[in-house]
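Chemist: Dropping in query21.pdb, which is PDB, C-alpha atoms:
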ATOM      1  CA  MET A   1       0.000   0.000   0.000
ATOM      2  CA  ALA A   2       1.307   3.435  -0.851
ATOM      3  CA  GLU A   3       2.342   5.546   2.115
ATOM      4  CA  VAL A   4      -0.270   8.112   3.122
ATOM      5  CA  ALA A   5       0.205  10.938   5.592
ATOM      6  CA  ARG A   6      -1.992  10.071   8.574
ATOM      7  CA  GLY A   7      -2.847  13.708   9.214
ATOM      8  CA  GLU A   8      -4.462  13.971   5.755
ATOM      9  CA  LEU A   9      -7.075  11.294   6.477
ATOM     10  CA  SER A  10     -10.347  11.443   8.344
ATOM     11  CA  ALA A  11     -10.991   8.897  11.077
ATOM     12  CA  GLN A  12     -13.149   6.786   8.715
ATOM     13  CA  GLU A  13     -10.567   6.919   5.925
ATOM     14  CA  LEU A  14      -7.795   6.029   8.334
ATOM     15  CA  LEU A  15      -9.745   2.998   9.538
ATOM     16  CA  SER A  16     -10.361   1.832   5.963
ATOM     17  CA  HIS A  17      -6.648   2.096   5.168
ATOM     18  CA  GLU A  18      -5.736   0.105   8.260
ATOM     19  CA  MET A  19      -8.193  -2.613   7.179
ATOM     20  CA  GLY A  20      -6.710  -2.674   3.670
ATOM     21  CA  MET A  21      -9.824  -1.158   2.098
ATOM     22  CA  HIS A  22      -8.199   1.584   0.028
ATOM     23  CA  THR A  23      -8.139   2.650  -3.594
ATOM     24  CA  GLU A  24      -5.028   2.161  -5.668
ATOM     25  CA  GLN A  25      -4.150   4.172  -8.758
ATOM     26  CA  LEU A  26      -3.718   1.943 -11.814
ATOM     27  CA  GLY A  27      -2.524   4.642 -14.191
ATOM     28  CA  GLY A  28       0.884   4.056 -15.692
ATOM     29  CA  ARG A  29       0.811   0.299 -15.093
ATOM     30  CA  SER A  30       2.007  -2.001 -17.875
ATOM     31  CA  ARG A  31      -0.550  -4.116 -19.725
ATOM     32  CA  GLN A  32       0.028  -7.807 -20.420
ATOM     33  CA  ALA A  33      -1.661  -9.823 -23.181
ATOM     34  CA  PHE A  34      -3.036 -13.084 -21.826
ATOM     35  CA  PHE A  35      -4.848 -14.312 -24.974
ATOM     36  CA  ASP A  36      -4.024 -14.317 -28.677
ATOM     37  CA  ILE A  37      -7.213 -13.565 -30.637
ATOM     38  CA  ASP A  38      -6.601 -14.712 -34.213
ATOM     39  CA  LEU A  39      -9.876 -14.596 -36.128
ATOM     40  CA  GLU A  40      -8.284 -15.980 -39.293
ATOM     41  CA  GLU A  41      -7.495 -19.284 -37.547
ATOM     42  CA  PRO A  42     -10.515 -20.227 -35.389
ATOM     43  CA  HIS A  43      -8.774 -23.146 -33.669
ATOM     44  CA  HIS A  44      -6.151 -20.731 -32.336
ATOM     45  CA  GLY A  45      -8.622 -18.061 -31.223
ATOM     46  CA  PHE A  46      -8.403 -17.109 -27.566
ATOM     47  CA  SER A  47      -5.407 -19.375 -27.077
ATOM     48  CA  LEU A  48      -2.535 -18.415 -24.816
ATOM     49  CA  PRO A  49       0.185 -16.482 -26.663
ATOM     50  CA  ASN A  50       2.862 -18.997 -25.637
ATOM     51  CA  ALA A  51       0.856 -22.110 -26.651
ATOM     52  CA  PHE A  52       2.703 -24.694 -28.734
ATOM     53  CA  ASP A  53       1.600 -25.700 -32.228
ATOM     54  CA  VAL A  54       1.113 -29.453 -31.943
ATOM     55  CA  ASP A  55       0.113 -32.237 -34.345
ATOM     56  CA  TYR A  56      -2.308 -34.831 -32.943
ATOM     57  CA  ASN A  57      -0.885 -37.430 -35.339
ATOM     58  CA  LYS A  58       2.559 -37.004 -33.815
ATOM     59  CA  ARG A  59       2.716 -39.422 -30.864
ATOM     60  CA  ALA A  60       5.183 -39.948 -28.016
ATOM     61  CA  GLU A  61       5.359 -42.040 -24.828
ATOM     62  CA  ILE A  62       6.686 -41.293 -21.350
ATOM     63  CA  ASP A  63       7.592 -44.091 -18.950
ATOM     64  CA  ALA A  64       7.040 -42.428 -15.576
ATOM     65  CA  ALA A  65       8.101 -45.403 -13.444
ATOM     66  CA  GLU A  66      11.519 -43.939 -12.509
ATOM     67  CA  LEU A  67      10.697 -40.240 -12.979
ATOM     68  CA  SER A  68       9.675 -37.657 -10.403
ATOM     69  CA  PRO A  69       6.412 -35.741 -10.979
ATOM     70  CA  ASN A  70       8.407 -32.643 -11.876
ATOM     71  CA  ALA A  71      10.432 -34.581 -14.438
ATOM     72  CA  VAL A  72       7.244 -35.973 -15.997
ATOM     73  CA  ASN A  73       5.714 -32.512 -16.278
ATOM     74  CA  LEU A  74       8.866 -31.055 -17.820
ATOM     75  CA  ARG A  75       8.965 -33.947 -20.311
ATOM     76  CA  ILE A  76       5.336 -33.256 -21.330
ATOM     77  CA  ARG A  77       6.176 -29.608 -21.933
ATOM     78  CA  GLN A  78       9.253 -30.467 -23.989
ATOM     79  CA  LEU A  79       7.283 -32.893 -26.163
ATOM     80  CA  MET A  80       4.589 -30.263 -26.805
ATOM     81  CA  LYS A  81       7.331 -27.794 -27.717
ATOM     82  CA  ASP A  82       8.600 -30.363 -30.224
ATOM     83  CA  GLY A  83       5.118 -30.565 -31.782
ATOM     84  CA  TYR A  84       3.814 -33.813 -30.264
ATOM     85  CA  GLY A  85       0.031 -33.612 -29.973
ATOM     86  CA  THR A  86      -0.609 -37.101 -28.543
ATOM     87  CA  ILE A  87       1.299 -38.134 -25.413
ATOM     88  CA  VAL A  88       0.933 -41.432 -23.532
ATOM     89  CA  ILE A  89       2.086 -41.650 -19.909
ATOM     90  CA  LYS A  90       2.862 -45.212 -18.853
ATOM     91  CA  ASN A  91       3.406 -46.430 -15.271
ATOM     92  CA  PRO A  92       2.298 -43.210 -13.518
ATOM     93  CA  GLY A  93       2.389 -45.092 -10.211
ATOM     94  CA  ALA A  94      -0.228 -42.863  -8.533
ATOM     95  CA  LYS A  95       2.307 -40.040  -8.338
ATOM     96  CA  HIS A  96       0.993 -36.663  -7.206
ATOM     97  CA  SER A  97       0.653 -33.456  -9.247
ATOM     98  CA  ILE A  98       1.076 -35.121 -12.634
ATOM     99  CA  ALA A  99       0.153 -33.213 -15.828
ATOM    100  CA  VAL A 100      -0.619 -29.925 -14.090
ATOM    101  CA  GLY A 101      -0.655 -26.508 -15.731
ATOM    102  CA  ILE A 102      -1.051 -27.702 -19.336
ATOM    103  CA  LEU A 103      -2.270 -24.642 -21.256
ATOM    104  CA  ASN A 104      -2.334 -26.229 -24.688
ATOM    105  CA  ARG A 105      -4.302 -28.387 -27.088
ATOM    106  CA  LEU A 106      -3.203 -31.963 -26.438
ATOM    107  CA  ASN A 107      -4.365 -35.587 -26.452
ATOM    108  CA  LEU A 108      -3.083 -37.028 -23.180
ATOM    109  CA  ILE A 109      -3.525 -40.729 -22.377
ATOM    110  CA  ILE A 110      -2.605 -41.924 -18.871
ATOM    111  CA  GLU A 111      -2.301 -45.689 -18.542
ATOM    112  CA  GLY A 112      -2.729 -46.186 -14.820
ATOM    113  CA  SER A 113      -3.704 -44.138 -11.764
ATOM    114  CA  LEU A 114      -2.799 -40.679 -10.467
ATOM    115  CA  GLY A 115      -2.302 -39.450  -6.908
ATOM    116  CA  TYR A 116      -3.392 -36.116  -5.445
ATOM    117  CA  PHE A 117      -3.785 -32.881  -7.443
ATOM    118  CA  GLY A 118      -3.501 -34.450 -10.880
ATOM    119  CA  LEU A 119      -4.367 -32.347 -13.930
ATOM    120  CA  GLY A 120      -4.829 -29.133 -11.978
ATOM    121  CA  LEU A 121      -4.898 -25.737 -13.678
ATOM    122  CA  ILE A 122      -5.272 -27.148 -17.199
ATOM    123  CA  ASP A 123      -6.685 -25.235 -20.148
ATOM    124  CA  GLY A 124      -7.292 -27.159 -23.366
ATOM    125  CA  PRO A 125      -6.109 -30.794 -23.296
ATOM    126  CA  ASN A 126      -8.279 -33.872 -23.807
ATOM    127  CA  VAL A 127      -7.304 -36.490 -21.219
ATOM    128  CA  ARG A 128      -8.205 -40.154 -20.740
ATOM    129  CA  ILE A 129      -7.186 -42.019 -17.573
ATOM    130  CA  SER A 130      -7.530 -45.810 -17.411
ATOM    131  CA  GLY A 131      -7.198 -46.006 -13.626
ATOM    132  CA  ARG A 132      -8.187 -43.932 -10.593
ATOM    133  CA  VAL A 133      -7.339 -40.429  -9.374
ATOM    134  CA  GLY A 134      -6.726 -39.053  -5.888
ATOM    135  CA  TRP A 135      -7.956 -35.912  -4.173
ATOM    136  CA  SER A 136      -8.490 -32.613  -6.008
ATOM    137  CA  CYS A 137      -8.243 -33.924  -9.547
ATOM    138  CA  ALA A 138      -8.687 -31.153 -12.149
ATOM    139  CA  GLU A 139      -8.779 -28.333  -9.623
ATOM    140  CA  ASN A 140      -9.319 -24.991 -11.396
ATOM    141  CA  MET A 141      -9.692 -26.668 -14.800
ATOM    142  CA  MET A 142     -10.473 -24.048 -17.467
ATOM    143  CA  SER A 143     -11.297 -26.035 -20.623
ATOM    144  CA  GLY A 144     -10.852 -29.404 -22.313
ATOM    145  CA  THR A 145     -12.108 -32.862 -21.329
ATOM    146  CA  ILE A 146     -11.031 -35.420 -18.720
ATOM    147  CA  LEU A 147     -12.447 -38.960 -18.699
ATOM    148  CA  ILE A 148     -11.588 -41.248 -15.770
ATOM    149  CA  GLU A 149     -12.488 -44.911 -16.180
ATOM    150  CA  LYS A 150     -12.517 -45.857 -12.466
ATOM    151  CA  ASN A 151     -12.995 -43.900  -9.208
ATOM    152  CA  ALA A 152     -11.921 -40.473  -7.915
ATOM    153  CA  GLY A 153     -11.094 -39.024  -4.493
ATOM    154  CA  SER A 154     -12.579 -36.081  -2.643
ATOM    155  CA  GLN A 155     -12.743 -32.503  -3.939
ATOM    156  CA  PHE A 156     -13.099 -33.777  -7.473
ATOM    157  CA  GLY A 157     -13.228 -30.763  -9.816
ATOM    158  CA  ALA A 158     -12.827 -28.148  -7.079
ATOM    159  CA  ALA A 159     -13.326 -24.616  -8.442
ATOM    160  CA  LEU A 160     -13.887 -26.014 -11.944
ATOM    161  CA  ARG A 161     -14.328 -23.198 -14.461
ATOM    162  CA  GLY A 162     -14.932 -24.923 -17.802
ATOM    163  CA  GLY A 163     -14.724 -28.100 -19.839
ATOM    164  CA  ASP A 164     -16.089 -31.585 -19.104
ATOM    165  CA  LEU A 165     -14.802 -33.565 -16.124
ATOM    166  CA  VAL A 166     -16.108 -37.147 -16.175
ATOM    167  CA  CYS A 167     -15.628 -40.053 -13.772
ATOM    168  CA  LYS A 168     -17.336 -43.315 -14.691
ATOM    169  CA  GLY A 169     -17.062 -44.675 -11.139
ATOM    170  CA  ASP A 170     -17.665 -43.245  -7.669
ATOM    171  CA  VAL A 171     -16.193 -40.014  -6.290
ATOM    172  CA  GLY A 172     -15.536 -38.730  -2.774
ATOM    173  CA  SER A 173     -16.958 -35.850  -0.763
ATOM    174  CA  ARG A 174     -17.069 -32.168  -1.769
ATOM    175  CA  THR A 175     -17.198 -32.899  -5.465
ATOM    176  CA  GLY A 176     -17.404 -29.636  -7.421
ATOM    177  CA  ILE A 177     -16.867 -27.444  -4.371
ATOM    178  CA  ASP A 178     -16.886 -23.765  -5.439
ATOM    179  CA  MET A 179     -17.643 -24.839  -9.023
ATOM    180  CA  LYS A 180     -17.746 -21.831 -11.370
ATOM    181  CA  GLY A 181     -18.613 -23.364 -14.760
ATOM    182  CA  GLY A 182     -18.227 -26.373 -17.022
ATOM    183  CA  SER A 183     -19.706 -29.824 -16.398
ATOM    184  CA  ILE A 184     -18.959 -32.574 -13.891
ATOM    185  CA  ILE A 185     -20.389 -36.017 -14.647
ATOM    186  CA  VAL A 186     -20.277 -38.878 -12.129
ATOM    187  CA  GLY A 187     -21.275 -42.330 -13.346
ATOM    188  CA  GLY A 188     -21.664 -43.717  -9.804
ATOM    189  CA  ASP A 189     -22.154 -42.248  -6.341
ATOM    190  CA  THR A 190     -20.742 -39.100  -4.767
ATOM    191  CA  GLY A 191     -19.989 -38.159  -1.160
ATOM    192  CA  ALA A 192     -21.139 -35.507   1.299
ATOM    193  CA  PHE A 193     -21.270 -31.788   0.547
ATOM    194  CA  THR A 194     -21.144 -32.312  -3.202
ATOM    195  CA  GLY A 195     -21.756 -29.000  -4.971
ATOM    196  CA  PHE A 196     -20.924 -26.984  -1.842
ATOM    197  CA  MET A 197     -20.964 -23.252  -2.676
ATOM    198  CA  MET A 198     -21.518 -24.066  -6.353
ATOM    199  CA  GLN A 199     -21.738 -20.868  -8.403
ATOM    200  CA  ARG A 200     -22.306 -21.934 -12.005
ATOM    201  CA  GLY A 201     -22.117 -24.924 -14.310
ATOM    202  CA  ARG A 202     -23.863 -28.289 -14.390
ATOM    203  CA  MET A 203     -23.288 -31.422 -12.351
ATOM    204  CA  VAL A 204     -24.664 -34.865 -13.228
ATOM    205  CA  ILE A 205     -24.752 -37.638 -10.611
ATOM    206  CA  CYS A 206     -26.016 -40.922 -12.015
ATOM    207  CA  GLY A 207     -26.066 -42.668  -8.632
ATOM    208  CA  ASN A 208     -26.663 -41.532  -5.052
ATOM    209  CA  ALA A 209     -25.216 -38.594  -3.101
ATOM    210  CA  GLY A 210     -24.139 -38.103   0.500
ATOM    211  CA  LYS A 211     -25.625 -35.587   2.897
ATOM    212  CA  ASN A 212     -25.942 -31.847   2.230
ATOM    213  CA  LEU A 213     -26.035 -32.031  -1.556
ATOM    214  CA  GLY A 214     -25.785 -28.524  -3.035
ATOM    215  CA  ASP A 215     -25.196 -26.879   0.322
ATOM    216  CA  SER A 216     -25.015 -23.061   0.068
ATOM    217  CA  MET A 217     -25.050 -23.143  -3.732
ATOM    218  CA  TYR A 218     -25.460 -19.718  -5.332
ATOM    219  CA  ASP A 219     -26.393 -20.850  -8.826
ATOM    220  CA  GLY A 220     -25.883 -23.695 -11.290
ATOM    221  CA  THR A 221     -27.754 -26.979 -11.738
ATOM    222  CA  ILE A 222     -27.365 -30.438 -10.219
ATOM    223  CA  TYR A 223     -29.002 -33.493 -11.824
ATOM    224  CA  ILE A 224     -29.214 -36.680  -9.751
ATOM    225  CA  GLY A 225     -30.440 -40.097 -10.862
ATOM    226  CA  GLY A 226     -30.410 -41.693  -7.418
ATOM    227  CA  GLU A 227     -31.153 -40.388  -3.923
ATOM    228  CA  PRO A 228     -29.309 -37.805  -1.836
ATOM    229  CA  GLN A 229     -29.056 -38.424   1.908
ATOM    230  CA  SER A 230     -30.175 -34.809   2.314
ATOM    231  CA  LEU A 231     -30.171 -31.474   0.529
ATOM    232  CA  GLY A 232     -27.962 -28.711   1.860
ATOM    233  CA  VAL A 233     -28.921 -25.184   2.883
ATOM    234  CA  ASP A 234     -30.743 -23.298   0.101
ATOM    235  CA  ALA A 235     -30.736 -26.265  -2.319
ATOM    236  CA  VAL A 236     -34.228 -26.960  -3.651
ATOM    237  CA  TRP A 237     -35.887 -29.329  -6.099
ATOM    238  CA  ALA A 238     -36.831 -27.874  -9.487
ATOM    239  CA  GLU A 239     -38.874 -29.050 -12.447
ATOM    240  CA  MET A 240     -37.114 -31.008 -15.180
ATOM    241  CA  THR A 241     -37.691 -29.595 -18.649
ATOM    242  CA  GLU A 242     -37.396 -31.136 -22.094
ATOM    243  CA  LEU A 243     -34.222 -29.095 -22.652
ATOM    244  CA  ASP A 244     -32.736 -30.645 -19.512
ATOM    245  CA  ARG A 245     -33.497 -34.148 -20.801
ATOM    246  CA  GLN A 246     -32.067 -33.385 -24.246
ATOM    247  CA  TRP A 247     -28.848 -32.009 -22.756
ATOM    248  CA  LEU A 248     -28.473 -35.018 -20.437
ATOM    249  CA  THR A 249     -29.095 -37.481 -23.263
ATOM    250  CA  ARG A 250     -26.507 -35.873 -25.506
ATOM    251  CA  LYS A 251     -23.876 -35.396 -22.817
ATOM    252  CA  LEU A 252     -24.103 -38.912 -21.371
ATOM    253  CA  ARG A 253     -24.030 -40.446 -24.844
ATOM    254  CA  MET A 254     -20.774 -38.568 -25.546
ATOM    255  CA  TYR A 255     -19.031 -40.400 -22.707
ATOM    256  CA  ASP A 256     -20.844 -43.737 -22.987
ATOM    257  CA  ILE A 257     -22.506 -43.485 -19.580
ATOM    258  CA  ALA A 258     -25.921 -45.054 -19.079
ATOM    259  CA  PRO A 259     -27.678 -44.480 -15.727
ATOM    260  CA  LYS A 260     -29.632 -47.444 -14.323
ATOM    261  CA  GLY A 261     -32.993 -45.703 -14.413
ATOM    262  CA  GLY A 262     -32.453 -43.939 -17.730
ATOM    263  CA  ILE A 263     -32.860 -40.220 -18.357
ATOM    264  CA  ASP A 264     -36.328 -40.166 -16.817
ATOM    265  CA  ALA A 265     -34.849 -41.081 -13.428
ATOM    266  CA  PHE A 266     -33.011 -37.766 -13.132
ATOM    267  CA  ARG A 267     -34.250 -34.984 -10.886
ATOM    268  CA  LYS A 268     -33.057 -31.409 -10.802
ATOM    269  CA  ILE A 269     -31.675 -29.309  -7.947
ATOM    270  CA  VAL A 270     -31.082 -25.550  -8.063
ATOM    271  CA  ALA A 271     -30.397 -22.734  -5.607
ATOM    272  CA  GLY A 272     -33.340 -21.365  -3.690
ATOM    273  CA  LYS A 273     -31.438 -18.045  -3.652
ATOM    274  CA  GLN A 274     -32.580 -17.198  -0.145
ATOM    275  CA  LEU A 275     -28.966 -16.632   0.810
ATOM    276  CA  TRP A 276     -28.928 -13.701  -1.614
ATOM    277  CA  ASN A 277     -31.382 -11.762   0.550
ATOM    278  CA  TYR A 278     -29.711  -9.378   3.006
ATOM    279  CA  ASP A 279     -32.814  -7.221   3.661
ATOM    280  CA  ASN A 280     -33.391  -8.684   7.111
ATOM    281  CA  LEU A 281     -29.890  -7.990   8.363
ATOM    282  CA  GLU A 282     -29.200  -5.230  10.824
ATOM    283  CA  PRO A 283     -27.310  -2.206   9.398
ATOM    284  CA  THR A 284     -24.137  -3.137  11.297
ATOM    285  CA  GLU A 285     -24.299  -6.690   9.907
ATOM    286  CA  LYS A 286     -24.747  -5.359   6.390
ATOM    287  CA  LYS A 287     -21.539  -3.361   6.702
ATOM    288  CA  LEU A 288     -19.615  -6.496   7.634
ATOM    289  CA  VAL A 289     -21.116  -8.481   4.746
ATOM    290  CA  LEU A 290     -20.616  -5.809   2.119
TER     291      LEU A 290
END
Could you render the structure as structure tokens?
Modeler:
Amino acid sequence: MAEVARGELSAQELLSHEMGMHTEQLGGRSRQAFFDIDLEEPHHGFSLPNAFDVDYNKRAEIDAAELSPNAVNLRIRQLMKDGYGTIVIKNPGAKHSIAVGILNRLNLIIEGSLGYFGLGLIDGPNVRISGRVGWSCAENMMSGTILIEKNAGSQFGAALRGGDLVCKGDVGSRTGIDMKGGSIIVGGDTGAFTGFMMQRGRMVICGNAGKNLGDSMYDGTIYIGGEPQSLGVDAVWAEMTELDRQWLTRKLRMYDIAPKGGIDAFRKIVAGKQLWNYDNLEPTEKKLVL
């Protein structure tokens, strides 16, 4: 924070500065380009300016058995730099933090299981995993697709922002916590507090859910084919529409997932939006909230 003479501030302004609530001049700051908008080449539009030009037909393999997670990630980056658009990781050994931070178009095939924090912060790749994944898979995923053939741990798709995240098996608790967009599809059951503080996006649960499904969700939609142990605060049942059924049919067909009861078994959960209402708060409470 810029230094400010204390004598120049009123008591209220001084308090706001001490609490960190101050304005900061942005004039004269440098501007950084985060996206390269090339309208002449649609497949490159809105891509990161340092993205590699890869060829999906160019294929390479990584044997991760004797490599550290950092070495695997550096090898993926080097192969993309060399133009490889299809990369197969063999013997991942449930190592943690594998294939994180990939901001590129890529076909990534993982033959085995991942540990914690796999595929976090990705933007663009299409991933297929033949095994399981640990906690916090695909945290802060921006775009692309991830298909997991077996089960997933807790906090699956935390803070997801875009793309399709699919697990054909069961997942743990707090799936899609703080979800901000995209789609999460679970072929089996999910644990407690799934969809906690969900803000946007769509979640599909073909099986059952643990307690407090959709707790404190602000917006977004949850479809469930089985039974939740309970709904969370401000999560309410809503009417299924024909558009909902069409979207579910198309999306589940894409990933070859067939719920036991069919599309007609799904029910819909949305936010009651009662948590948005601050009118009943006392003035002093409003100041703390706002």
Chemist: For this file, the PyMOL selection byres ((chain A and resi 99) around 6) selects which residues, as a count of residues only?
Modeler: 4
Chemist: Calculate how many Å separate CA of Gly182 (chain A) from CA of Lys81 (chain A), rounding to one decimal.
Modeler: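 Going from CA of Gly182 (chain A) over to CA of Lys81 (chain A), I get 27.7 Å.
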Chemist: Between CA of Cys137 (chain A) and CA of Gly120 (chain A), measure the distance and give it in Å to one decimal.
Modeler: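 Spanning CA of Cys137 (chain A) to CA of Gly120 (chain A) is a straight-line distance of 6.4 Å.
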Chemist: Record the distance separating CA of Ile263 (chain A) and CA of Cys206 (chain A), expressed in Å with one decimal.
Modeler: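 CA of Cys206 (chain A) lies 9.4 Å from CA of Ile263 (chain A).
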Chemist: For Thr249 (chain A), which residue out of A:Val204, A:Leu213, A:Met80, A:Cys167 is the nearest one, using all atoms listed in the file?
Modeler: A:Val204
Chemist: With distances taken over all atoms listed in the file, which of A:Ala60, A:Ile205, A:Val88, A:Leu114 is nearest to Val186 (chain A)?
Modeler: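 Once distances to Val186 (chain A) are computed over all atoms listed in the file, the minimum belongs to A:Ile205.
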Chemist: Have a look at A:Leu108, A:Met217, A:Ala265, A:Val54 and name the one nearest to Phe193 (chain A); count only C-alpha atoms.
Modeler: A:Met217
Chemist: Taking the file as I've supplied it (selection: the PyMOL selection byres ((chain A and resi 272) around 12)), which residues are included? Please answer as a PyMOL selection string.
Modeler: chain A and resi 214-221+231-238+269-271+273-277
Chemist: List as a list in words the protein and nucleic acid residues near Ile148 (chain A), meaning an atom at most 7 Å away when only C-alpha atoms are counted, but skip any in the same chain fewer than 5 places from it.
Modeler: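 Returned residues: Arg128, Ile129, Ser130, Gly131, Arg132, Val166, Cys167 and Lys168 of chain A.
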Chemist: Kindly save the residues from that selection, with C-alpha atoms included, as a PDB file, in the frame of the given file.
Modeler:
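result-v2.pdb, freshly written:
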ATOM      1  CA  ARG A 128      -8.205 -40.154 -20.740  1.00  0.00           C
ATOM      2  CA  ILE A 129      -7.186 -42.019 -17.573  1.00  0.00           C
ATOM      3  CA  SER A 130      -7.530 -45.810 -17.411  1.00  0.00           C
ATOM      4  CA  GLY A 131      -7.198 -46.006 -13.626  1.00  0.00           C
ATOM      5  CA  ARG A 132      -8.187 -43.932 -10.593  1.00  0.00           C
ATOM      6  CA  VAL A 166     -16.108 -37.147 -16.175  1.00  0.00           C
ATOM      7  CA  CYS A 167     -15.628 -40.053 -13.772  1.00  0.00           C
ATOM      8  CA  LYS A 168     -17.336 -43.315 -14.691  1.00  0.00           C
TER       9      LYS A 168
END
Chemist: Step by step, work through what the PyMOL selection byres ((chain A and resi 229) around 7) selects in the shown file, and finish by giving those residues as a ChimeraX atom specification.
Modeler: /A:209-211,227-228,230
Chemist: Identify which of the residues A:Met179, A:Leu106, A:Gly172, A:Gly112 lies closest to Met141 (chain A), counting only C-alpha atoms when measuring atom-to-atom distances.
Modeler: A:Met179
Chemist: Could you tell me which of A:Gly262, A:Gly93, A:Gly153, A:Gly188 comes closest to Tyr116 (chain A) if we count only C-alpha atoms?
Modeler: A:Gly153
Chemist: Just want the 7 Å neighbourhood of Ile177 (chain A), counted on only C-alpha atoms, with same-chain residues fewer than 5 positions away dropped. Output as an MDAnalysis selection string.
Modeler: chainID A and resid 155 158:159 194:198
Chemist: Which residues come within 12 Å of Asn126 (chain A), counting only C-alpha atoms, excluding same-chain residues fewer than 3 positions away, as number ranges by chain?
Modeler: A: 56, 85-88, 99, 102-110, 119, 122-123, 129, 138, 141-148, 163-166
